[in-house]
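Listing of entry_32.csv; format and content: CSV, C-alpha atoms.
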chain,number,residue,atom,x,y,z
V,72,MET,CA,-32.7,28.1,7.9
V,73,SER,CA,-30.0,26.8,10.2
V,74,CYS,CA,-26.8,28.8,11.0
V,75,ASN,CA,-24.7,25.7,10.0
V,76,ARG,CA,-26.1,25.9,6.5
V,77,MET,CA,-25.4,29.7,6.4
V,78,GLU,CA,-21.7,29.3,7.5
V,79,SER,CA,-20.5,28.5,4.1
V,80,ARG,CA,-22.4,31.5,2.7
V,81,ILE,CA,-21.1,34.1,5.1
V,82,LEU,CA,-17.9,34.8,3.2
V,83,PRO,CA,-19.5,34.8,-0.3
V,84,TYR,CA,-22.1,37.2,1.2
V,85,VAL,CA,-19.3,39.5,2.5
V,86,ASP,CA,-17.7,39.3,-1.0
V,87,GLY,CA,-20.9,39.9,-2.7
V,88,ARG,CA,-20.5,36.7,-4.7
V,89,LEU,CA,-23.8,35.0,-3.8
V,90,LYS,CA,-26.5,34.4,-6.4
V,91,ALA,CA,-29.6,36.6,-6.2
V,92,ALA,CA,-31.7,33.8,-4.7
V,93,GLU,CA,-29.0,32.9,-2.1
V,94,MET,CA,-28.5,36.6,-1.2
V,95,LYS,CA,-32.2,37.0,-0.4
V,96,GLU,CA,-32.2,33.9,1.7
V,97,MET,CA,-29.1,35.1,3.5
V,98,GLU,CA,-30.5,38.5,4.2
V,99,ALA,CA,-33.7,37.0,5.5
V,100,HIS,CA,-31.7,34.8,7.9
V,101,LEU,CA,-29.5,37.7,9.1
V,102,LYS,CA,-32.6,39.7,10.1
V,103,THR,CA,-33.5,36.9,12.6
V,104,CYS,CA,-30.0,35.7,13.7
V,105,ALA,CA,-27.8,38.0,15.7
V,106,ALA,CA,-24.9,35.5,15.8
V,107,CYS,CA,-24.7,35.3,12.0
V,108,GLU,CA,-25.1,39.0,11.8
V,109,LEU,CA,-22.2,39.5,14.2
V,110,ARG,CA,-20.1,36.9,12.2
V,111,VAL,CA,-20.8,38.8,9.0
V,112,SER,CA,-19.6,42.1,10.5
V,113,GLU,CA,-16.4,40.4,11.9
V,114,PHE,CA,-15.6,38.7,8.6
V,115,ARG,CA,-16.0,42.0,6.9
V,116,ALA,CA,-13.6,43.6,9.4
V,117,VAL,CA,-11.1,40.7,8.8
V,118,SER,CA,-11.4,41.3,5.1
V,119,GLY,CA,-10.7,45.0,5.6
V,120,LEU,CA,-7.6,44.2,7.7
V,121,LEU,CA,-6.2,41.9,5.0
V,122,ASP,CA,-6.6,44.8,2.5
V,123,GLU,CA,-4.1,46.8,4.6
V,124,MET,CA,-1.2,44.5,3.7
V,125,PRO,CA,1.0,46.3,1.2
V,126,GLN,CA,2.0,44.9,-2.2
V,127,ILE,CA,5.6,44.3,-3.0
V,128,GLU,CA,7.2,44.9,-6.4
V,129,PRO,CA,9.4,42.3,-8.0
V,130,SER,CA,13.1,43.3,-8.1
V,131,GLY,CA,14.4,45.0,-11.2
V,132,ALA,CA,16.4,42.0,-12.3
V,133,PHE,CA,13.4,39.6,-12.1
V,134,ASP,CA,12.4,39.9,-15.8
V,135,ALA,CA,16.0,39.6,-16.9
V,136,ARG,CA,16.5,36.5,-14.9
V,137,VAL,CA,13.4,34.8,-16.3
V,138,ARG,CA,14.5,35.8,-19.8
V,139,ALA,CA,17.9,34.4,-19.2
V,140,ARG,CA,16.5,31.1,-18.0
V,141,VAL,CA,14.1,30.9,-21.0
V,142,ALA,CA,17.1,31.6,-23.3
V,143,ALA,CA,19.0,28.8,-21.6
V,144,GLU,CA,16.2,26.3,-22.2
V,145,PRO,CA,17.2,23.6,-24.7
V,146,VAL,CA,15.4,23.8,-28.0
V,147,LYS,CA,13.2,20.8,-28.4
V,148,GLN,CA,13.8,18.9,-31.7
V,149,SER,CA,11.1,17.0,-33.4
V,150,TRP,CA,11.6,13.4,-34.7
V,151,TRP,CA,11.6,14.8,-38.2
V,152,SER,CA,14.4,17.1,-37.5
V,153,VAL,CA,16.7,14.1,-37.9
V,154,PHE,CA,16.3,14.5,-41.6
V,155,ALA,CA,16.8,18.3,-41.5
V,156,PRO,CA,20.0,19.2,-43.4
V,157,SER,CA,23.0,19.9,-41.2
V,158,PRO,CA,26.4,21.1,-42.5
V,159,ARG,CA,28.2,18.0,-41.4
V,160,VAL,CA,25.6,15.6,-43.0
V,161,ALA,CA,25.5,17.6,-46.2
V,162,PHE,CA,29.3,17.6,-46.5
V,163,ALA,CA,29.5,13.9,-45.8
V,164,ALA,CA,26.8,13.2,-48.4
V,165,SER,CA,28.4,15.3,-51.1
V,166,MET,CA,31.8,13.7,-50.5
V,167,LEU,CA,30.2,10.3,-50.8
V,168,LEU,CA,28.5,11.3,-54.0
V,169,LEU,CA,31.7,12.7,-55.5
V,170,ALA,CA,33.5,9.5,-54.6
V,171,MET,CA,30.9,7.4,-56.3
V,172,VAL,CA,30.9,9.5,-59.5
V,173,TRP,CA,34.7,9.4,-59.6
V,174,LEU,CA,34.8,5.6,-59.2
V,175,GLY,CA,32.1,5.1,-61.8
V,176,SER,CA,34.0,7.3,-64.4
V,177,ARG,CA,37.3,5.4,-64.1
V,178,PRO,CA,38.2,3.1,-67.1
V,179,THR,CA,38.2,-0.6,-66.2
V,180,ASP,CA,41.5,-2.7,-66.6
V,181,THR,CA,40.0,-5.9,-67.9
V,182,VAL,CA,37.2,-6.1,-70.3
V,183,THR,CA,35.6,-9.5,-70.9
V,184,PRO,CA,34.9,-10.0,-74.6
V,185,VAL,CA,31.5,-11.1,-75.5
V,186,ASN,CA,31.1,-13.6,-78.4
V,187,ASN,CA,28.5,-16.1,-79.4
V,188,GLY,CA,31.0,-19.0,-79.6
V,189,GLY,CA,31.6,-18.8,-76.0
V,190,VAL,CA,27.9,-19.0,-75.2
V,191,GLU,CA,27.4,-22.2,-77.4
V,192,GLN,CA,30.5,-23.8,-75.7
V,193,GLU,CA,29.0,-23.0,-72.3
V,194,ALA,CA,25.7,-24.6,-73.4
V,195,GLN,CA,27.4,-27.8,-74.5
V,196,VAL,CA,29.3,-28.0,-71.1
V,197,MET,CA,25.9,-27.6,-69.3
V,198,SER,CA,24.4,-30.5,-71.3
V,199,ASP,CA,27.4,-32.8,-70.4
V,200,LEU,CA,27.2,-31.9,-66.7
V,201,PRO,CA,25.6,-35.3,-65.6
V,202,VAL,CA,28.5,-37.2,-67.3
V,203,LEU,CA,31.1,-34.9,-66.0
V,204,GLU,CA,29.7,-35.2,-62.5
V,205,ASN,CA,30.2,-39.0,-62.7
V,206,LEU,CA,33.5,-38.9,-64.6
V,207,ASP,CA,35.6,-40.2,-61.6
V,208,VAL,CA,33.3,-43.2,-61.2
V,209,LEU,CA,33.2,-44.0,-64.8
V,210,SER,CA,37.0,-43.8,-65.4
V,211,ASN,CA,37.7,-46.2,-62.5
V,212,PHE,CA,34.8,-48.6,-63.2
V,213,ASP,CA,36.8,-52.0,-63.8
V,214,ALA,CA,33.6,-54.0,-64.5
V,215,LEU,CA,33.3,-52.2,-67.8
V,216,SER,CA,36.6,-53.7,-69.0
V,217,ASP,CA,35.5,-57.3,-68.1
V,218,LEU,CA,32.4,-57.2,-70.4
V,219,PRO,CA,32.5,-60.0,-73.2
V,220,SER,CA,33.1,-58.8,-76.7
V,221,PRO,CA,29.9,-58.0,-78.7
V,222,VAL,CA,28.4,-61.0,-80.7
V,223,SER,CA,26.9,-61.0,-84.2
V,224,ASP,CA,23.1,-61.2,-84.9
V,225,ASP,CA,23.4,-64.7,-86.5
V,226,SER,CA,24.8,-66.5,-83.5
V,227,ASN,CA,22.1,-64.9,-81.3
V,228,GLN,CA,19.4,-66.4,-83.5
V,229,GLN,CA,21.0,-69.9,-83.2
V,230,GLN,CA,21.2,-69.8,-79.5
V,231,GLN,CA,17.5,-68.8,-79.3
V,232,GLN,CA,16.4,-71.8,-81.6
V,233,GLN,CA,18.2,-74.6,-79.6
V,234,PRO,CA,15.9,-74.5,-76.5
V,235,ASP,CA,12.8,-74.9,-78.8
V,236,SER,CA,14.1,-78.2,-80.4
V,237,SER,CA,14.7,-79.7,-76.9
V,238,THR,CA,11.1,-79.1,-75.9
V,239,ASP,CA,9.8,-81.0,-78.9
V,240,MET,CA,11.5,-84.2,-77.8
O,102,MET,CA,-7.6,45.4,-27.8
O,103,ALA,CA,-5.5,43.4,-25.4
O,104,ARG,CA,-5.1,39.7,-26.2
O,105,SER,CA,-6.5,37.2,-23.7
O,106,ASP,CA,-4.2,35.1,-21.6
O,107,VAL,CA,-5.2,32.0,-23.5
O,108,GLN,CA,-4.5,33.7,-26.8
O,109,LEU,CA,-1.1,34.8,-25.6
O,110,MET,CA,-0.3,31.3,-24.5
O,111,LEU,CA,-1.4,29.9,-27.8
O,112,ASP,CA,0.9,32.4,-29.5
O,113,VAL,CA,3.7,31.3,-27.3
O,114,LYS,CA,2.9,27.7,-28.3
O,115,ALA,CA,3.2,28.9,-32.0
O,116,GLY,CA,6.7,30.2,-31.2
O,117,ASP,CA,6.0,33.9,-30.4
O,118,GLU,CA,8.5,34.8,-27.7
O,119,GLN,CA,7.0,38.3,-27.4
O,120,SER,CA,3.7,36.9,-26.1
O,121,PHE,CA,5.6,35.1,-23.4
O,122,ALA,CA,7.1,38.5,-22.4
O,123,LEU,CA,3.6,39.9,-22.2
O,124,LEU,CA,2.4,37.1,-19.9
O,125,LEU,CA,5.5,37.6,-17.8
O,126,HIS,CA,4.7,41.3,-17.5
O,127,ARG,CA,1.1,40.7,-16.7
O,128,TYR,CA,1.6,38.1,-14.0
O,129,ARG,CA,5.0,38.8,-12.5
O,130,SER,CA,3.7,41.1,-9.7
O,131,PRO,CA,0.6,38.9,-8.7
O,132,LEU,CA,2.8,35.8,-8.6
O,133,VAL,CA,5.7,37.3,-6.7
O,134,ASN,CA,3.2,38.8,-4.1
O,135,PHE,CA,1.3,35.5,-3.7
O,136,LEU,CA,4.5,33.5,-3.3
O,137,TYR,CA,6.1,36.1,-1.0
O,138,ARG,CA,3.0,35.9,1.3
O,139,MET,CA,3.3,32.1,1.2
O,140,VAL,CA,7.0,31.7,1.9
O,141,ARG,CA,7.8,34.9,3.7
O,142,ASN,CA,11.1,35.4,1.9
O,143,ARG,CA,11.5,37.8,-1.0
O,144,GLU,CA,14.4,36.0,-2.7
O,145,GLN,CA,12.8,32.6,-2.4
O,146,ALA,CA,9.5,34.0,-3.6
O,147,GLU,CA,11.2,35.4,-6.8
O,148,ASP,CA,13.0,32.1,-7.3
O,149,LEU,CA,9.7,30.3,-7.1
O,150,ALA,CA,8.0,32.8,-9.4
O,151,GLN,CA,10.8,32.3,-12.0
O,152,GLU,CA,10.3,28.6,-11.7
O,153,VAL,CA,6.6,29.0,-12.4
O,154,PHE,CA,7.3,31.0,-15.6
O,155,ILE,CA,9.9,28.5,-16.7
O,156,ARG,CA,7.4,25.6,-16.2
O,157,VAL,CA,4.8,27.5,-18.2
O,158,TYR,CA,7.3,28.1,-20.9
O,159,ARG,CA,8.4,24.4,-21.0
O,160,ALA,CA,4.8,23.3,-21.2
O,161,ARG,CA,4.0,25.6,-24.1
O,162,GLU,CA,4.0,22.9,-26.8
O,163,ASP,CA,1.6,20.7,-24.9
O,164,TYR,CA,-0.7,23.6,-23.8
O,165,VAL,CA,-4.4,23.1,-24.4
O,166,PRO,CA,-6.7,25.9,-23.3
O,167,SER,CA,-9.0,23.5,-21.4
O,168,ALA,CA,-9.1,25.9,-18.3
O,169,LYS,CA,-8.5,29.5,-17.5
O,170,PHE,CA,-4.8,30.4,-17.8
O,171,THR,CA,-4.8,31.8,-14.3
O,172,THR,CA,-6.0,28.5,-12.9
O,173,TRP,CA,-3.1,26.7,-14.4
O,174,LEU,CA,-0.6,29.4,-13.5
O,175,PHE,CA,-1.7,29.6,-9.8
O,176,ARG,CA,-1.9,25.8,-9.5
O,177,ILE,CA,1.8,25.6,-10.4
O,178,ALA,CA,2.6,28.4,-8.0
O,179,THR,CA,0.5,27.0,-5.2
O,180,ASN,CA,2.1,23.5,-5.5
O,181,LEU,CA,5.5,25.0,-5.6
O,182,ALA,CA,4.8,27.2,-2.6
O,183,LEU,CA,3.3,24.4,-0.5
O,184,ASN,CA,6.2,22.2,-1.3
O,185,SER,CA,8.6,24.9,-0.4
O,186,VAL,CA,6.9,25.7,2.9
O,187,ARG,CA,6.9,22.1,3.9
O,188,ASP,CA,10.6,21.7,2.9
O,189,THR,CA,11.7,24.8,4.8
O,190,ARG,CA,9.4,24.5,7.8
O,191,HIS,CA,12.2,23.4,10.1
O,192,GLN,CA,14.6,26.0,8.9
O,193,ARG,CA,11.9,28.8,9.3
O,194,MET,CA,11.2,27.7,12.9
O,195,GLU,CA,14.9,27.9,13.7
O,196,LEU,CA,15.3,31.3,12.0
O,197,SER,CA,12.2,32.8,13.8
O,198,LEU,CA,13.7,32.1,17.2
O,199,ASP,CA,16.9,34.0,16.3
O,200,ALA,CA,15.2,36.7,14.2
O,201,PRO,CA,15.8,40.4,15.2
O,202,VAL,CA,12.9,42.7,15.8
O,203,THR,CA,12.0,44.1,12.4
O,204,THR,CA,9.6,46.7,11.1
O,205,ASP,CA,7.7,45.9,7.9
O,206,ALA,CA,9.0,42.9,6.1
O,207,GLU,CA,6.7,43.6,3.2
O,208,ASP,CA,9.0,46.0,1.6
O,209,GLY,CA,11.7,43.3,1.4
O,210,ASP,CA,14.3,45.3,3.3
O,211,GLU,CA,13.7,43.5,6.6
O,212,ARG,CA,14.9,46.6,8.4
O,213,THR,CA,15.9,46.4,12.0
O,214,LEU,CA,13.8,48.7,14.1
O,215,ASP,CA,15.5,52.0,14.6
O,216,VAL,CA,14.2,54.2,17.4
O,217,ALA,CA,16.1,57.2,15.9
O,218,ASP,CA,14.1,56.9,12.7
O,219,LYS,CA,13.5,60.2,11.0
O,220,HIS,CA,9.8,59.4,10.5
O,221,PRO,CA,7.6,62.6,11.1
O,222,ASP,CA,5.2,60.8,13.4
O,223,ILE,CA,7.2,58.0,14.9
O,224,GLU,CA,4.4,56.9,17.3
O,225,GLN,CA,1.8,56.6,14.7
O,226,HIS,CA,4.3,54.8,12.4
O,227,LEU,CA,5.0,52.3,15.2
O,228,VAL,CA,1.3,51.7,15.7
O,229,GLU,CA,0.8,51.1,12.0
O,230,GLU,CA,3.8,48.7,11.9
O,231,ALA,CA,2.6,46.8,14.9
O,232,ARG,CA,-0.8,46.5,13.2
O,233,LYS,CA,0.7,45.2,10.0
O,234,LYS,CA,2.9,42.8,11.8
O,235,MET,CA,-0.1,41.4,13.7
O,236,ILE,CA,-2.0,40.9,10.5
O,237,ARG,CA,1.0,39.3,8.8
O,238,HIS,CA,1.6,37.0,11.7
O,239,ALA,CA,-2.0,36.0,11.8
O,240,ILE,CA,-1.8,35.0,8.1
O,241,ASP,CA,1.5,33.2,8.7
O,242,LYS,CA,0.0,31.2,11.5
O,243,LEU,CA,-2.7,29.7,9.2
O,244,PRO,CA,-2.1,26.2,8.0
O,245,GLU,CA,-0.5,26.2,4.5
O,246,LYS,CA,-3.6,25.2,2.6
O,247,GLN,CA,-5.8,27.7,4.4
O,248,ARG,CA,-3.2,30.4,3.9
O,249,ALA,CA,-3.1,29.6,0.1
O,250,ALA,CA,-6.9,29.7,-0.1
O,251,VAL,CA,-7.1,33.0,1.7
O,252,LEU,CA,-4.4,34.6,-0.5
O,253,LEU,CA,-5.9,33.4,-3.7
O,254,HIS,CA,-9.4,34.5,-2.6
O,255,LYS,CA,-8.4,37.9,-1.1
O,256,TYR,CA,-5.5,39.1,-3.2
O,257,GLN,CA,-6.0,37.4,-6.6
O,258,GLU,CA,-9.7,37.9,-6.6
O,259,LEU,CA,-10.3,34.5,-8.2
O,260,ASP,CA,-13.7,33.0,-8.0
O,261,TYR,CA,-14.5,30.1,-5.8
O,262,ASN,CA,-14.7,27.6,-8.6
O,263,GLU,CA,-11.3,28.6,-9.9
O,264,ILE,CA,-9.7,28.5,-6.5
O,265,ALA,CA,-11.2,25.1,-5.9
O,266,LYS,CA,-9.6,23.9,-9.1
O,267,ILE,CA,-6.2,25.4,-8.1
O,268,MET,CA,-6.4,23.7,-4.7
O,269,GLU,CA,-7.7,20.5,-6.3
O,270,CYS,CA,-10.7,20.2,-4.0
O,271,SER,CA,-14.5,20.7,-4.4
O,272,GLU,CA,-16.1,24.1,-4.2
O,273,SER,CA,-17.9,23.2,-0.9
O,274,ALA,CA,-14.6,22.0,0.6
O,275,LEU,CA,-13.0,25.2,-0.4
O,276,LYS,CA,-15.7,27.3,1.2
O,277,SER,CA,-15.4,25.3,4.4
O,278,LEU,CA,-11.5,25.8,4.2
O,279,LEU,CA,-12.0,29.6,3.8
O,280,PHE,CA,-14.6,29.7,6.6
O,281,ARG,CA,-12.2,28.0,9.0
O,282,ALA,CA,-9.4,30.3,7.9
O,283,TYR,CA,-11.5,33.4,8.5
O,284,GLU,CA,-12.6,32.1,11.8
O,285,THR,CA,-8.9,31.7,12.9
O,286,LEU,CA,-8.1,35.2,11.6
O,287,ARG,CA,-11.1,36.6,13.4
O,288,VAL,CA,-9.8,35.2,16.7
O,289,GLU,CA,-6.2,36.1,16.1
O,290,LEU,CA,-7.0,39.6,15.1
O,291,ALA,CA,-9.8,40.1,17.7
O,292,PRO,CA,-8.4,43.4,19.0
O,293,LEU,CA,-8.1,44.9,15.5
O,294,VAL,CA,-11.5,43.4,14.5
O,295,ALA,CA,-13.2,45.0,17.5
O,296,GLY,CA,-11.5,48.3,16.6
O,297,ALA,CA,-12.6,48.0,13.0
O,298,LYS,CA,-16.2,47.3,13.9
O,299,SER,CA,-16.5,50.3,16.2

The structure given in the file should be rewritten as structure tokens.
Amino acid sequence: MSCNRMESRILPYVDGRLKAAEMKEMEAHLKTCAACELRVSEFRAVSGLLDEMPQIEPSGAFDARVRARVAAEPVKQSWWSVFAPSPRVAFAASMLLLAMVWLGSRPTDTVTPVNNGGVEQEAQVMSDLPVLENLDVLSNFDALSDLPSPVSDDSNQQQQQQPDSSTDM
Amino acid sequence: MARSDVQLMLDVKAGDEQSFALLLHRYRSPLVNFLYRMVRNREQAEDLAQEVFIRVYRAREDYVPSAKFTTWLFRIATNLALNSVRDTRHQRMELSLDAPVTTDAEDGDERTLDVADKHPDIEQHLVEEARKKMIRHAIDKLPEKQRAAVLLHKYQELDYNEIAKIMECSESALKSLLFRAYETLRVELAPLVAGAKS
């Protein structure tokens, strides 16, 4: 077993954090390697020196300062909280509701009478709409006044017979 | 039976402020000590520790117990400490040049050495102070990542896997980092190490 491979195990060995198999391997190596044995004892001494450093205690005001900062943290609001009732929104909504109720309960000034005659008249106007749409054209249509007067049925029959006699000749 | 960290955090998530107070009580001292040893300034360490707790509190609604609570807590603390050390490196160098001779800075008082101190055994006290100062300086001289790894390993007693997650590296990389750190400490503290061995 090379010393290089053991290097990363020296500190865990000093800490007693090696697995059982690794520990056996390490101990076997240390029996044959004075350099690693010396390193182990030196690391153990360093570890002991580090233990000598005293602990400090947080100041008396530490907890209070953390609590004050926590209390000053803004409260996160979820998206649904938009719908949560707030005094302002509730007041505005109730005022709006009252206004609507008040407007709805007021008597109206003009009431349109409903009768069947009116409906029939409206239907008649609807049926005459094509004529009414062309009323301007029809009222100014001069060609209608130039039409010949209507003729009787007898004269029509005579006019139809005359061409027949000419063809016989 | 005491509730686990994860259970407390889940209770905080559910809106229980008292559980947050319990977590604060449980971790205030380890966090402040870790941060103090990282930044070497008590006031700054407490400010950073407050920031860690606030970040935990802010993240409560999204908390998922996918890892150990301490891994998450110390990852926040380590990142804040590393950023702070990098940001104030220049300032610290300037301060150290003008700093007065002090006794133990660990008590936070940063007392100036007083020869007329009423200590019963002043000589022994001075030897002890010099020894602590040497150890402290050896830790301070470590590169930031090595220092963080040593502090998490030595004082928080976290396992290698957990420290590796905090440091965001592989377990083998962490072991290598710790080995180099201990090698540096071994050299820096050689007189004390020799004394400790004998």

Task: Between atom CA of Lys242 of chain O and atom CA of His226 of chain O - distance in Å to one decimal - done: 24.0 Å

Task: Within 6 Å of chain V: residues of chain O, using all atoms listed in the file, as an MDAnalysis selection string - done: chainID O and resid 151 208 276 294 297

Just write the chosen residues, C-alpha atoms, as a tab-separated table (two decimals), keeping the file's coordinate frame.
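Result went into again09.tsv, see below:
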chain	number	residue	atom	x	y	z
O	151	GLN	CA	10.80	32.30	-12.00
O	208	ASP	CA	9.00	46.00	1.60
O	276	LYS	CA	-15.70	27.30	1.20
O	294	VAL	CA	-11.50	43.40	14.50
O	297	ALA	CA	-12.60	48.00	13.00

Open item on the list: Set the distance at 10 Å and use all atoms listed in the file: which residues neighbour Leu252 of chain O once local chain neighbours fewer than 2 positions away are removed? I'd like the list as a PyMOL selection string.
Closed with: (chain V and resi 121) or (chain O and resi 134-136+138-139+240+246-250+254-259)

TODO: Could you please determine the separation between atom CA of Asp106 of chain O and atom CA of Ser271 of chain O in Å, to one decimal place?
DONE: 24.7 Å

- [ ] Grab the atom CA of Leu109 of chain O to atom CA of Val153 of chain O distance for me, in Å with one decimal place.
- [x] 16.3 Å

Task: Exercise: Ile177 of chain O partners within 9 Å, only C-alpha atoms, chain neighbours under 3 positions left out, as number ranges by chain - done: O: 153, 156-157, 172-174, 180-182, 267

Hey, could you pull the box centre and edge lengths for segment 204-211 of chain V, axis-aligned, 6 Å padding per side, all listed atoms, to one decimal in Å, as lines of an AutoDock Vina configuration file?
center_x = 33.7
center_y = -40.7
center_z = -63.3
size_x = 20.0
size_y = 23.0
size_z = 16.2

Task: Selected residue of minimal separation from Leu125 of chain O among V:Lys102, V:Ala164, V:Ala135, V:Glu204, counting only C-alpha atoms - done: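 Looking at the shortest contact to Leu125 of chain O, the residue is V:Ala135.
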
Open item on the list: When you count only C-alpha atoms, which of these residues is closest to Ala103 of chain O: O:Leu124, O:Val165, O:Leu290, O:Ile155?
Closed with: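 Ranking O:Leu124, O:Val165, O:Leu290, O:Ile155 by distance to Ala103 of chain O, first place goes to O:Leu124.
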
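Considering only C-alpha atoms, the residue among O:Leu149, O:Ala291, O:Val140, O:Leu111 positioned nearest to Pro166 of chain O is O:Leu111.
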